[in-house]
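Listing of final.cif; format and content: mmCIF, C-alpha atoms.
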```cif
data_structure
loop_
_atom_site.label_atom_id
_atom_site.label_comp_id
_atom_site.auth_asym_id
_atom_site.auth_seq_id
_atom_site.Cartn_x
_atom_site.Cartn_y
_atom_site.Cartn_z
CA MET T 1 0.00 0.00 0.00
CA LEU T 2 2.70 2.42 1.03
CA ALA T 3 4.93 1.28 -1.84
CA MET T 4 2.13 1.91 -4.31
CA THR T 5 1.49 5.48 -3.20
CA THR T 6 5.23 6.13 -3.27
CA ALA T 7 5.26 5.16 -6.91
CA LEU T 8 2.34 7.49 -7.63
CA ALA T 9 3.60 10.51 -5.74
CA GLU T 10 5.45 12.97 -7.90
CA PHE T 11 7.57 15.41 -6.02
CA PRO T 12 8.53 18.69 -7.67
CA ALA T 13 12.14 19.40 -8.46
CA LEU T 14 13.24 22.08 -6.02
CA GLU T 15 16.55 23.79 -5.63
CA ALA T 16 18.99 21.46 -3.80
CA LEU T 17 19.05 21.75 -0.01
CA SER T 18 22.22 22.59 1.85
CA PRO T 19 22.06 19.96 4.61
CA GLN T 20 22.69 21.20 8.15
CA THR T 21 23.49 19.58 11.45
CA LEU T 22 21.59 20.62 14.56
CA GLU T 23 23.12 20.35 17.97
CA ALA T 24 21.77 21.26 21.39
CA SER T 25 23.98 21.08 24.44
CA GLY T 26 23.15 21.37 28.13
CA LEU T 27 19.66 22.68 27.34
CA SER T 28 17.49 23.63 30.31
CA LEU T 29 13.97 24.79 29.76
CA ALA T 30 11.19 25.98 32.05
CA ARG T 31 7.67 27.18 31.46
CA GLY T 32 5.70 29.18 33.94
CA GLY T 33 8.33 28.53 36.61
CA LEU T 34 8.11 24.77 36.09
CA ARG T 35 11.33 23.04 35.14
CA LEU T 36 10.69 20.92 32.03
CA VAL T 37 14.04 19.80 30.73
CA GLU T 38 17.44 19.93 32.36
CA GLY T 39 20.82 19.35 30.76
CA LEU T 40 19.47 17.94 27.52
CA ASP T 41 21.91 17.14 24.74
CA LEU T 42 20.83 16.18 21.27
CA ALA T 43 22.37 16.09 17.85
CA LEU T 44 20.82 15.55 14.45
CA ALA T 45 22.80 14.84 11.30
CA PRO T 46 21.64 15.49 7.74
CA SER T 47 19.00 12.96 6.61
CA GLY T 48 18.30 12.17 10.27
CA ALA T 49 14.95 12.01 12.00
CA LEU T 50 14.19 12.38 15.68
CA LEU T 51 10.84 11.77 17.32
CA LEU T 52 10.13 13.53 20.61
CA THR T 53 7.70 11.59 22.75
CA GLY T 54 6.44 11.83 26.29
CA PRO T 55 3.21 12.59 28.13
CA ASN T 56 1.45 15.96 27.83
CA GLY T 57 3.26 18.76 29.57
CA THR T 58 6.74 17.28 29.42
CA GLY T 59 8.00 20.13 27.26
CA LYS T 60 7.96 18.78 23.69
CA THR T 61 6.56 22.00 22.26
CA THR T 62 8.79 24.18 24.42
CA LEU T 63 11.83 22.17 23.29
CA LEU T 64 10.87 22.62 19.63
CA ARG T 65 10.39 26.35 20.17
CA ALA T 66 13.79 26.55 21.85
CA LEU T 67 15.41 24.66 18.97
CA ALA T 68 13.83 27.18 16.58
CA GLY T 69 15.20 30.07 18.63
CA LEU T 70 11.69 31.32 19.47
CA VAL T 71 12.19 30.59 23.18
CA ARG T 72 15.40 31.45 24.94
CA PRO T 73 16.61 28.48 27.01
CA ASP T 74 17.47 29.01 30.69
CA ALA T 75 20.81 27.37 30.05
CA GLY T 76 22.59 25.72 27.17
CA ALA T 77 22.74 26.52 23.50
CA VAL T 78 21.37 25.38 20.17
CA ALA T 79 23.61 25.44 17.12
CA ILE T 80 22.70 24.90 13.49
CA GLY T 81 25.83 24.15 11.49
CA ASP T 82 28.34 26.13 13.54
CA GLN T 83 26.12 29.13 14.28
CA PRO T 84 23.58 29.90 17.01
CA ALA T 85 20.11 28.73 15.99
CA SER T 86 18.45 32.09 16.60
CA GLN T 87 20.67 33.71 13.96
CA VAL T 88 20.27 31.21 11.15
CA ALA T 89 16.81 29.82 11.96
CA ALA T 90 15.11 31.86 9.25
CA ASP T 91 17.29 30.39 6.50
CA THR T 92 17.43 26.81 7.72
CA LEU T 93 14.11 25.94 9.38
CA GLY T 94 10.79 24.68 8.16
CA TRP T 95 8.36 25.19 11.05
CA LEU T 96 5.01 23.57 11.76
CA GLY T 97 3.66 24.65 15.13
CA HIS T 98 0.58 23.34 16.89
CA ALA T 99 -1.39 25.87 14.81
CA ASP T 100 -1.11 25.68 11.05
CA GLY T 101 -0.72 29.40 10.37
CA LEU T 102 -3.67 29.47 7.98
CA LYS T 103 -6.21 32.29 7.69
CA PRO T 104 -9.85 31.18 7.59
CA ASN T 105 -10.78 33.49 4.70
CA GLU T 106 -7.70 32.87 2.58
CA THR T 107 -7.72 30.17 -0.09
CA LEU T 108 -4.89 27.67 -0.03
CA ARG T 109 -3.77 28.95 -3.42
CA ARG T 110 -3.31 32.48 -2.09
CA ALA T 111 -1.71 31.36 1.15
CA LEU T 112 0.73 28.92 -0.41
CA ARG T 113 1.64 31.36 -3.17
CA PHE T 114 2.50 33.89 -0.51
CA TRP T 115 4.74 31.45 1.38
CA ALA T 116 6.38 30.23 -1.84
CA ASP T 117 7.21 33.84 -2.71
CA MET T 118 8.51 34.51 0.80
CA HIS T 119 10.91 31.58 0.57
CA GLY T 120 11.88 32.06 -3.05
CA THR T 121 10.39 28.72 -4.12
CA PRO T 122 8.78 28.60 -7.57
CA ARG T 123 4.98 28.66 -7.43
CA THR T 124 4.89 25.68 -9.80
CA ALA T 125 5.89 23.49 -6.83
CA ILE T 126 2.64 24.22 -4.98
CA LEU T 127 0.25 21.93 -6.83
CA PRO T 128 2.56 18.87 -7.01
CA LEU T 129 3.19 19.11 -3.26
CA MET T 130 -0.53 19.49 -2.58
CA ARG T 131 -1.17 16.37 -4.65
CA VAL T 132 1.49 14.53 -2.67
CA MET T 133 -0.45 15.40 0.47
CA GLY T 134 -3.75 14.49 -1.21
CA ILE T 135 -5.30 17.97 -1.13
CA GLY T 136 -4.74 19.01 -4.76
CA ALA T 137 -8.48 19.43 -5.30
CA LEU T 138 -8.83 21.87 -2.38
CA ILE T 139 -6.58 24.58 -3.78
CA ASP T 140 -9.35 27.16 -4.17
CA ARG T 141 -11.03 26.48 -0.84
CA PRO T 142 -10.68 28.96 1.99
CA ALA T 143 -8.79 27.37 4.87
CA GLY T 144 -11.73 27.96 7.19
CA GLN T 145 -13.82 25.45 5.22
CA LEU T 146 -11.29 22.65 5.58
CA SER T 147 -11.24 19.93 8.20
CA ARG T 148 -8.50 19.93 10.81
CA GLY T 149 -6.72 17.11 9.00
CA GLN T 150 -6.88 18.93 5.67
CA GLN T 151 -5.53 22.08 7.33
CA ARG T 152 -2.67 20.03 8.76
CA ARG T 153 -1.87 18.69 5.33
CA ALA T 154 -1.84 22.24 3.97
CA GLY T 155 0.52 23.22 6.79
CA LEU T 156 2.85 20.40 5.78
CA VAL T 157 2.76 21.58 2.16
CA ARG T 158 3.81 25.00 3.41
CA VAL T 159 6.74 23.46 5.32
CA ALA T 160 7.86 21.58 2.20
CA LEU T 161 7.52 24.75 0.10
CA ALA T 162 9.93 26.60 2.36
CA ASN T 163 12.62 24.23 1.01
CA ARG T 164 14.68 24.41 4.17
CA PRO T 165 16.96 21.61 5.41
CA LEU T 166 15.70 21.32 9.01
CA TRP T 167 12.06 20.59 9.72
CA LEU T 168 10.63 21.10 13.18
CA LEU T 169 7.13 19.66 13.38
CA ASP T 170 4.85 19.84 16.40
CA GLU T 171 2.36 16.95 16.30
CA PRO T 172 2.43 16.72 12.50
CA ALA T 173 0.18 13.64 12.53
CA GLY T 174 -2.15 14.84 15.27
CA PRO T 175 -5.35 15.32 13.23
CA LEU T 176 -4.28 13.12 10.28
CA ASP T 177 -6.06 9.91 9.29
CA GLY T 178 -4.22 6.72 8.30
CA ALA T 179 -3.80 7.76 4.66
CA GLY T 180 -2.63 11.18 5.81
CA ARG T 181 0.02 9.59 8.02
CA ASP T 182 1.25 7.52 5.06
CA ARG T 183 1.51 10.65 2.96
CA LEU T 184 3.33 12.44 5.77
CA ALA T 185 5.80 9.53 5.94
CA GLU T 186 6.36 9.84 2.19
CA LEU T 187 6.91 13.57 2.45
CA VAL T 188 9.42 13.07 5.25
CA ALA T 189 11.17 10.27 3.34
CA TRP T 190 11.47 12.58 0.31
CA HIS T 191 12.87 15.36 2.50
CA ARG T 192 15.41 13.03 4.09
CA SER T 193 16.43 11.63 0.71
CA ARG T 194 17.46 15.17 -0.21
CA GLY T 195 19.67 15.49 2.86
CA GLY T 196 17.06 17.20 5.00
CA SER T 197 16.42 16.27 8.61
CA VAL T 198 13.30 16.26 10.79
CA ILE T 199 12.48 16.61 14.45
CA ALA T 200 8.85 15.87 15.29
CA ALA T 201 7.01 15.92 18.59
CA THR T 202 4.38 13.22 18.46
CA HIS T 203 1.86 11.16 20.38
CA GLN T 204 1.21 8.92 17.41
CA THR T 205 3.49 6.07 16.49
CA LEU T 206 5.21 7.23 13.34
CA ASP T 207 6.96 4.58 11.30
CA TRP T 208 9.76 6.60 9.90
CA PRO T 209 12.67 4.30 9.02
CA GLY T 210 15.75 4.85 11.15
CA ALA T 211 14.16 7.58 13.27
CA ALA T 212 15.71 8.07 16.69
CA MET T 213 13.40 8.45 19.70
CA LEU T 214 13.72 10.79 22.63
CA ASP T 215 11.34 10.35 25.54
CA LEU T 216 11.10 13.69 27.35
CA GLY T 217 9.25 11.98 30.20
CA MET T 218 12.69 10.71 31.22
CA TYR T 219 13.86 14.23 31.97
CA ARG T 220 11.22 14.83 34.59
CA MET U 221 11.75 44.32 -1.86
CA SER U 222 9.37 41.85 -3.48
CA ARG U 223 8.95 40.13 -0.10
CA LEU U 224 8.07 43.47 1.45
CA GLY U 225 5.48 43.97 -1.26
CA ALA U 226 4.16 40.43 -0.79
CA VAL U 227 3.61 40.95 2.94
CA PHE U 228 2.00 44.35 2.37
CA ALA U 229 -0.35 42.97 -0.29
CA ARG U 230 -1.27 39.89 1.75
CA GLU U 231 -2.03 41.87 4.90
CA ALA U 232 -4.07 44.41 2.97
CA ARG U 233 -6.00 41.58 1.31
CA LEU U 234 -6.57 39.75 4.61
CA ALA U 235 -7.74 42.92 6.33
CA TRP U 236 -10.12 43.51 3.46
CA SER U 237 -11.61 40.02 3.38
CA GLY U 238 -11.29 39.19 7.06
CA GLY U 239 -13.54 41.43 9.08
CA GLY U 240 -15.29 43.81 6.76
CA GLY U 241 -12.11 45.72 5.95
CA PRO U 242 -12.66 49.47 6.07
CA ALA U 243 -16.33 49.18 7.06
CA GLY U 244 -15.69 48.81 10.82
CA PRO U 245 -13.53 51.89 11.46
CA ALA U 246 -15.53 53.93 8.95
CA ALA U 247 -18.84 53.10 10.61
CA PHE U 248 -17.42 53.84 14.05
CA PHE U 249 -16.03 57.13 12.82
CA LEU U 250 -19.25 58.12 11.09
CA ALA U 251 -21.27 57.31 14.19
CA ALA U 252 -18.96 59.41 16.35
CA ILE U 253 -19.11 62.51 14.14
CA THR U 254 -22.85 62.31 13.56
CA LEU U 255 -23.66 61.83 17.23
CA ALA U 256 -21.32 64.53 18.55
CA PRO U 257 -23.43 67.50 17.31
CA LEU U 258 -26.43 66.07 19.15
CA ALA U 259 -24.42 66.33 22.37
CA ILE U 260 -22.70 69.65 21.61
CA GLY U 261 -25.77 71.51 20.46
CA PRO U 262 -26.90 73.00 17.16
CA SER U 263 -25.00 76.33 17.21
CA PRO U 264 -23.25 76.57 13.78
CA GLU U 265 -20.32 78.63 15.10
CA LEU U 266 -19.67 76.19 17.90
CA LEU U 267 -19.85 73.17 15.59
CA ALA U 268 -17.51 74.68 13.01
CA ALA U 269 -15.02 75.58 15.72
CA ALA U 270 -15.18 72.18 17.40
CA GLY U 271 -15.24 70.20 14.13
CA PRO U 272 -11.52 69.81 13.40
CA GLY U 273 -10.60 68.77 16.94
CA LEU U 274 -13.54 66.48 17.24
CA MET U 275 -12.73 64.70 14.02
CA GLY U 276 -9.09 64.22 14.92
CA PHE U 277 -10.22 62.71 18.20
CA ALA U 278 -12.81 60.45 16.57
CA ALA U 279 -10.22 59.24 14.04
CA LEU U 280 -7.87 58.27 16.88
CA LEU U 281 -10.62 56.27 18.57
CA SER U 282 -11.55 54.44 15.39
CA VAL U 283 -7.90 53.43 14.89
CA LEU U 284 -7.81 52.07 18.45
CA GLN U 285 -11.10 50.27 17.92
CA SER U 286 -9.61 48.16 15.11
CA ALA U 287 -6.19 47.63 16.72
CA GLU U 288 -7.01 44.42 18.56
CA ARG U 289 -7.08 42.35 15.37
CA LEU U 290 -3.75 43.69 14.17
CA TYR U 291 -1.60 41.14 16.02
CA GLY U 292 -4.04 39.13 18.12
CA ASP U 293 -5.26 36.88 15.30
CA ASP U 294 -1.76 36.23 14.01
CA PHE U 295 -0.66 35.27 17.49
CA SER U 296 -3.38 32.67 17.99
CA ASP U 297 -3.32 31.09 14.51
CA GLY U 298 0.44 30.57 14.43
CA THR U 299 1.16 33.12 11.71
CA LEU U 300 3.33 35.17 14.05
CA ASP U 301 5.67 32.18 14.60
CA LEU U 302 6.06 31.85 10.85
CA TYR U 303 6.67 35.56 10.43
CA ALA U 304 9.32 35.47 13.14
CA LEU U 305 11.01 32.59 11.30
CA SER U 306 10.68 34.11 7.83
CA PRO U 307 13.81 35.04 5.93
CA MET U 308 12.82 38.71 5.95
CA GLY U 309 13.84 40.86 8.91
CA LEU U 310 11.02 40.90 11.45
CA SER U 311 11.07 44.71 11.86
CA LEU U 312 10.64 45.27 8.15
CA LEU U 313 7.96 42.61 8.00
CA CYS U 314 6.06 44.24 10.88
CA LEU U 315 6.26 47.60 9.11
CA ALA U 316 4.83 46.13 5.89
CA LYS U 317 2.19 44.17 7.79
CA THR U 318 1.01 47.06 9.95
CA LEU U 319 0.90 49.58 7.13
CA GLY U 320 -0.76 47.08 4.79
CA GLN U 321 -3.51 46.35 7.26
CA GLY U 322 -3.79 49.95 8.40
CA ILE U 323 -4.11 51.44 4.95
CA ALA U 324 -6.60 48.77 3.83
CA THR U 325 -8.87 49.50 6.78
CA LEU U 326 -8.39 53.24 7.33
CA TRP U 327 -8.26 54.72 3.83
CA PRO U 328 -11.85 56.07 3.99
CA LEU U 329 -11.12 58.22 7.05
CA PRO U 330 -9.58 61.24 5.26
CA VAL U 331 -12.51 61.21 2.81
CA ILE U 332 -15.04 61.09 5.62
CA VAL U 333 -13.13 63.84 7.44
CA LEU U 334 -13.36 66.05 4.37
CA LEU U 335 -17.12 65.49 4.06
CA GLY U 336 -17.56 65.71 7.83
CA GLY U 337 -15.72 69.03 7.91
CA LEU U 338 -18.08 70.47 5.31
CA MET U 339 -21.02 69.02 7.20
CA TYR U 340 -19.89 70.83 10.36
CA GLY U 341 -19.70 74.09 8.44
CA VAL U 342 -15.91 74.22 8.19
CA PRO U 343 -14.99 75.90 4.86
CA LEU U 344 -13.48 73.80 2.07
CA GLN U 345 -9.87 74.99 2.46
CA PRO U 346 -9.44 74.08 6.16
CA SER U 347 -11.46 70.88 5.60
CA LEU U 348 -8.95 69.86 2.94
CA MET U 349 -6.14 70.76 5.31
CA LEU U 350 -7.66 68.60 8.04
CA ALA U 351 -8.14 65.66 5.64
CA ALA U 352 -4.52 65.98 4.50
CA ALA U 353 -3.31 66.14 8.11
CA LEU U 354 -5.30 63.04 8.99
CA ALA U 355 -3.96 61.19 5.95
CA ALA U 356 -0.46 62.14 7.12
CA ALA U 357 -1.26 60.98 10.65
CA ILE U 358 -2.57 57.52 9.71
CA PRO U 359 0.86 55.80 9.45
CA ALA U 360 1.80 57.07 12.92
CA LEU U 361 -1.57 56.15 14.43
CA VAL U 362 -1.62 52.68 12.96
CA LEU U 363 2.00 51.89 13.85
CA LEU U 364 1.49 52.99 17.45
CA ALA U 365 -1.70 50.93 17.60
CA GLY U 366 0.28 48.05 16.10
CA PHE U 367 2.98 48.39 18.76
CA ALA U 368 0.37 48.25 21.51
CA GLY U 369 -1.35 45.39 19.69
CA ALA U 370 1.89 43.41 19.50
CA LEU U 371 2.58 43.98 23.21
CA ALA U 372 -0.94 42.79 24.05
CA ALA U 373 -1.07 39.90 21.52
CA GLY U 374 -2.55 36.81 23.11
CA VAL U 375 -3.66 38.66 26.24
CA ARG U 376 -7.31 38.32 27.18
CA ARG U 377 -9.28 41.56 26.75
CA SER U 378 -6.32 43.03 24.92
CA GLY U 379 -8.46 45.94 23.72
CA LEU U 380 -8.27 47.57 27.12
CA LEU U 381 -4.50 47.14 27.31
CA ILE U 382 -4.07 48.47 23.78
CA ALA U 383 -6.05 51.61 24.57
CA LEU U 384 -4.02 52.22 27.72
CA ILE U 385 -0.69 51.76 25.96
CA ALA U 386 -1.41 53.45 22.64
CA ALA U 387 -3.53 56.44 23.62
CA PRO U 388 -0.76 58.39 25.44
CA MET U 389 1.68 57.76 22.60
CA MET U 390 -0.80 59.10 20.09
CA VAL U 391 -1.05 62.48 21.82
CA PRO U 392 1.51 64.36 19.64
CA VAL U 393 -0.02 63.19 16.36
CA LEU U 394 -3.47 64.12 17.57
CA ILE U 395 -2.33 67.60 18.62
CA PHE U 396 -0.56 68.28 15.32
CA ALA U 397 -3.22 66.80 13.04
CA ALA U 398 -6.17 68.46 14.76
CA GLY U 399 -4.03 71.59 15.13
CA ALA U 400 -3.59 71.76 11.37
CA GLY U 401 -7.35 71.72 10.88
CA ARG U 402 -8.01 74.23 13.69
CA ALA U 403 -5.30 76.64 12.54
CA GLY U 404 -6.66 76.35 9.00
CA PHE U 405 -10.12 77.21 10.22
CA GLU U 406 -8.84 80.24 12.12
CA GLY U 407 -6.90 81.38 9.05
CA ASP U 408 -3.63 80.93 10.91
CA GLU U 409 -0.55 80.21 8.77
CA ARG U 410 0.59 77.66 11.37
CA ALA U 411 -1.73 75.17 9.66
CA LEU U 412 0.96 74.16 7.21
CA ALA U 413 3.53 73.88 9.99
CA ASN U 414 1.19 71.54 11.86
CA LEU U 415 0.69 69.46 8.74
CA VAL U 416 4.44 69.15 8.26
CA LEU U 417 4.88 68.24 11.93
CA THR U 418 2.22 65.53 11.57
CA ALA U 419 4.03 64.12 8.57
CA SER U 420 7.34 64.21 10.41
CA VAL U 421 5.92 62.32 13.39
CA SER U 422 4.62 59.74 10.94
CA LEU U 423 8.03 59.42 9.29
CA GLY U 424 9.65 59.13 12.69
CA THR U 425 7.35 56.32 13.73
CA ILE U 426 7.95 54.55 10.41
CA ALA U 427 11.67 54.67 11.13
CA LEU U 428 11.55 53.64 14.81
CA VAL U 429 8.35 51.85 15.81
CA PRO U 430 8.87 48.72 13.64
CA PHE U 431 11.85 47.80 15.85
CA GLY U 432 9.62 48.14 18.90
CA ILE U 433 6.92 46.00 17.29
CA ALA U 434 9.46 43.31 16.36
CA ALA U 435 10.83 43.27 19.93
CA ALA U 436 7.30 43.06 21.32
CA VAL U 437 6.46 40.17 18.98
CA ARG U 438 9.58 38.26 19.99
CA SER U 439 8.87 38.70 23.66
CA ARG U 440 5.26 37.56 23.21
CA LEU U 441 6.39 34.45 21.35
CA GLY U 442 9.13 33.53 23.85
#
```
Taking this structure as input, can you express it in the form of structure tokens?
Amino acid sequence: MLAMTTALAEFPALEALSPQTLEASGLSLARGGLRLVEGLDLALAPSGALLLTGPNGTGKTTLLRALAGLVRPDAGAVAIGDQPASQVAADTLGWLGHADGLKPNETLRRALRFWADMHGTPRTAILPLMRVMGIGALIDRPAGQLSRGQQRRAGLVRVALANRPLWLLDEPAGPLDGAGRDRLAELVAWHRSRGGSVIAATHQTLDWPGAAMLDLGMYR
Amino acid sequence: MSRLGAVFAREARLAWSGGGGPAGPAAFFLAAITLAPLAIGPSPELLAAAGPGLMGFAALLSVLQSAERLYGDDFSDGTLDLYALSPMGLSLLCLAKTLGQGIATLWPLPVIVLLGGLMYGVPLQPSLMLAAALAAAIPALVLLAGFAGALAAGVRRSGLLIALIAAPMMVPVLIFAAGAGRAGFEGDERALANLVLTASVSLGTIALVPFGIAAAVRSRLG
């Protein structure tokens, strides 16, 4: 089943990625005065995948935000390549937060065109990527009329359109159905085949080949 | 440059399609200037004299009234994260975003001010002066509202906070813009000076406030 869809999916030819390593050392994070993570080290090589797991409230989202440079860690540092994450995040990260960043009145065509332009990706890549995620027919629908799962798929298309080497995904499979999860796995496999790497916080079991696991519950 | 244009166009389009675009501030403004004479009284001299100041004041309130949406929606739907991680500098992006939204929603105000001025019995010349001063004041008003909106993004009942933060900062623009109309009405040559001062405050805020908005956005996201 998975093999068949892989054969059908046609990914657009995008400009080659420049693969990056990501390294966090001695990371300590707190939220609202509550210590979430202490002395965390992690490293991710090009083509790597890392799944963050752990019960609710263990700091998966906060860790992702710290890796993206959106949250300043209490201690420790995050480096992408050999530079601090906060300085190079904009040129190296594809970000999918817990919200998809879609506007209810904006059609997917308009929204994705905007993000393609922002990241200097040709607009011709939009439709192929939407087809990969199985939402090619929804291109002229306003995001507000889509289901949560369809919105998530659109968010993933936006991440792919950014054409950045490091993907940080917060619950990418959360609202996705089985077929959606298969398509997500394909998208991630394509990204990794190009030298890109992925860190995803997840409650679902994601069968991504060779993905490392990090249980943040252990850091409690 | 094309990214700047893309953000400006998107924000203008979203403001237009999102919540009625210019209709909200325009309706608020119209209501304020049509109700005020009922409170002030029907004396033509009094109305003409109070007109310019009253309209500057009503314009300020209608900018504040629409400020909550400026950054609040983007904060809750995740757009602000994406903007902070976009390859364009956040300050520049905030400038394009705020002006795009502001101009898309507030463009009718100078027109209404012109008509309102005539309605209040202010002669054409000072009415034009007042409309020009208000047009010059809009960038400053909307950027200051945007700064307060960014500081209050994601806060419950942010409208109250925005009014408290932005209103004091809007004082100089209000004084200069309304002053231009008043001086024009009194036949004082300081009208032009007030207009130029309004424009200079606007230029100053364009140069400085985007950095404040970007810092506020980062602190709200962190």
Test item: the PyMOL selection byres ((chain U) within 6 of (chain T)) resolved as a PyMOL selection string
chain U and resi 223+297-299+305-307+442
Those residues with C-alpha atoms, as a CSV table (one decimal), in the frame of the given file please?
```csv
chain,number,residue,atom,x,y,z
U,223,ARG,CA,9.0,40.1,-0.1
U,297,ASP,CA,-3.3,31.1,14.5
U,298,GLY,CA,0.4,30.6,14.4
U,299,THR,CA,1.2,33.1,11.7
U,305,LEU,CA,11.0,32.6,11.3
U,306,SER,CA,10.7,34.1,7.8
U,307,PRO,CA,13.8,35.0,5.9
U,442,GLY,CA,9.1,33.5,23.8
```
Could you list the residues chosen by the PyMOL selection byres ((chain U and resi 227-232) around 7) in this structure as a count of residues only?
14
Just the residues within 12 Å of Arg181 in chain T, please, counting only C-alpha atoms, with nothing from its chain fewer than 3 positions along; format it as number ranges by chain.
T: 2, 132-134, 149-150, 152-153, 156, 171-178, 184-188, 202, 204-208
Point (-3.5, 36.8, 22.3) neighbourhood (10 Å, only C-alpha atoms) written as an NGL selection string:
:U and (288-289 or 291-297 or 369-378 or 440)
Using all atoms listed in the file, list the residues that have an atom at most 8 Å from (-15.9, 60.4, 12.7), coordinates as in the file, as an MDAnalysis selection string.
chainID U and resid 246 248:254 274:275 278:279 282 329 332:333 336
For the selection just defined, write its residues with C-alpha atoms to a file, as a PDB file, in the frame of the given file.
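Everything below was put into again-v6.pdb:
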```pdb
ATOM      1  CA  ALA U 246     -15.530  53.930   8.950  1.00  0.00           C
ATOM      2  CA  PHE U 248     -17.420  53.840  14.050  1.00  0.00           C
ATOM      3  CA  PHE U 249     -16.030  57.130  12.820  1.00  0.00           C
ATOM      4  CA  LEU U 250     -19.250  58.120  11.090  1.00  0.00           C
ATOM      5  CA  ALA U 251     -21.270  57.310  14.190  1.00  0.00           C
ATOM      6  CA  ALA U 252     -18.960  59.410  16.350  1.00  0.00           C
ATOM      7  CA  ILE U 253     -19.110  62.510  14.140  1.00  0.00           C
ATOM      8  CA  THR U 254     -22.850  62.310  13.560  1.00  0.00           C
ATOM      9  CA  LEU U 274     -13.540  66.480  17.240  1.00  0.00           C
ATOM     10  CA  MET U 275     -12.730  64.700  14.020  1.00  0.00           C
ATOM     11  CA  ALA U 278     -12.810  60.450  16.570  1.00  0.00           C
ATOM     12  CA  ALA U 279     -10.220  59.240  14.040  1.00  0.00           C
ATOM     13  CA  SER U 282     -11.550  54.440  15.390  1.00  0.00           C
ATOM     14  CA  LEU U 329     -11.120  58.220   7.050  1.00  0.00           C
ATOM     15  CA  ILE U 332     -15.040  61.090   5.620  1.00  0.00           C
ATOM     16  CA  VAL U 333     -13.130  63.840   7.440  1.00  0.00           C
ATOM     17  CA  GLY U 336     -17.560  65.710   7.830  1.00  0.00           C
TER      18      GLY U 336
END
```
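Taking CA of Val37 in chain T and CA of Leu214 in chain T as the two end points, the separation is 12.1 Å.
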Determine the nearest neighbour of Leu166 in chain T from the options T:Ala24, T:Met213, T:Leu17, T:Leu42, counting only C-alpha atoms.
T:Leu17
If we count only C-alpha atoms and set the cut-off at 6 Å, which residues sit around range 360-368 of chain U, ignoring sequence neighbours fewer than 5 positions away in its own chain? Please answer as number ranges by chain.
U: 287, 322, 382, 385-386, 422, 425, 433
Which centre and edge lengths in Å to one decimal define the box along x, y and z that fits every listed atom of range 105-115 of chain T plus 3 Å per side, as lines of an AutoDock Vina configuration file?
```
center_x = -3.0
center_y = 30.8
center_z = 0.6
size_x = 21.5
size_y = 12.2
size_z = 14.1
```
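CA of Ala201 in chain T is positioned 26.9 Å from CA of Leu138 in chain T.
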Residue members of the PyMOL selection byres ((chain U and resi 396) around 12) in the file shown, as a ChimeraX atom specification
/U:272-273,276-277,349-350,352-354,356-357,360,390-395,397-404,410-422
Provide the CA of Val283 in chain U to CA of Pro262 in chain U distance in Å, to one decimal place.
27.4 Å
Determine, counting all atoms listed in the file, which protein, DNA and RNA residues have an atom within 8 Å of an atom of Tyr340 in chain U; residues of the same chain fewer than 5 positions away are not included. Present the result as a PDB file with C-alpha atoms, keeping the file's coordinate frame.
```pdb
ATOM      1  CA  PRO U 264     -23.250  76.570  13.780  1.00  0.00           C
ATOM      2  CA  LEU U 267     -19.850  73.170  15.590  1.00  0.00           C
ATOM      3  CA  ALA U 268     -17.510  74.680  13.010  1.00  0.00           C
ATOM      4  CA  GLY U 271     -15.240  70.200  14.130  1.00  0.00           C
TER       5      GLY U 271
END
```
Please rebuild range 338-346 of chain U with N, CA and C atoms and return the result as a PDB file, in the frame of the given file.
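Output (out38.pdb):
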```pdb
ATOM      1  N   LEU U 338     -17.100  69.637   6.013  1.00  0.00           N
ATOM      2  CA  LEU U 338     -18.080  70.470   5.310  1.00  0.00           C
ATOM      3  C   LEU U 338     -19.429  70.414   6.016  1.00  0.00           C
ATOM      4  N   MET U 339     -19.758  69.210   6.493  1.00  0.00           N
ATOM      5  CA  MET U 339     -21.020  69.020   7.200  1.00  0.00           C
ATOM      6  C   MET U 339     -21.100  69.870   8.474  1.00  0.00           C
ATOM      7  N   TYR U 340     -19.957  70.029   9.135  1.00  0.00           N
ATOM      8  CA  TYR U 340     -19.890  70.830  10.360  1.00  0.00           C
ATOM      9  C   TYR U 340     -19.814  72.324  10.072  1.00  0.00           C
ATOM     10  N   GLY U 341     -19.775  72.681   8.791  1.00  0.00           N
ATOM     11  CA  GLY U 341     -19.700  74.090   8.440  1.00  0.00           C
ATOM     12  C   GLY U 341     -18.294  74.645   8.412  1.00  0.00           C
ATOM     13  N   VAL U 342     -17.291  73.758   8.378  1.00  0.00           N
ATOM     14  CA  VAL U 342     -15.910  74.220   8.190  1.00  0.00           C
ATOM     15  C   VAL U 342     -15.735  74.468   6.695  1.00  0.00           C
ATOM     16  N   PRO U 343     -15.154  75.629   6.297  1.00  0.00           N
ATOM     17  CA  PRO U 343     -14.990  75.900   4.860  1.00  0.00           C
ATOM     18  C   PRO U 343     -14.110  74.844   4.167  1.00  0.00           C
ATOM     19  N   LEU U 344     -14.159  74.838   2.836  1.00  0.00           N
ATOM     20  CA  LEU U 344     -13.480  73.800   2.070  1.00  0.00           C
ATOM     21  C   LEU U 344     -11.974  73.769   2.336  1.00  0.00           C
ATOM     22  N   GLN U 345     -11.330  74.931   2.324  1.00  0.00           N
ATOM     23  CA  GLN U 345      -9.870  74.990   2.460  1.00  0.00           C
ATOM     24  C   GLN U 345      -9.388  74.309   3.755  1.00  0.00           C
ATOM     25  N   PRO U 346      -9.883  74.763   4.925  1.00  0.00           N
ATOM     26  CA  PRO U 346      -9.440  74.080   6.160  1.00  0.00           C
ATOM     27  C   PRO U 346      -9.899  72.629   6.245  1.00  0.00           C
TER      28      PRO U 346
END
```
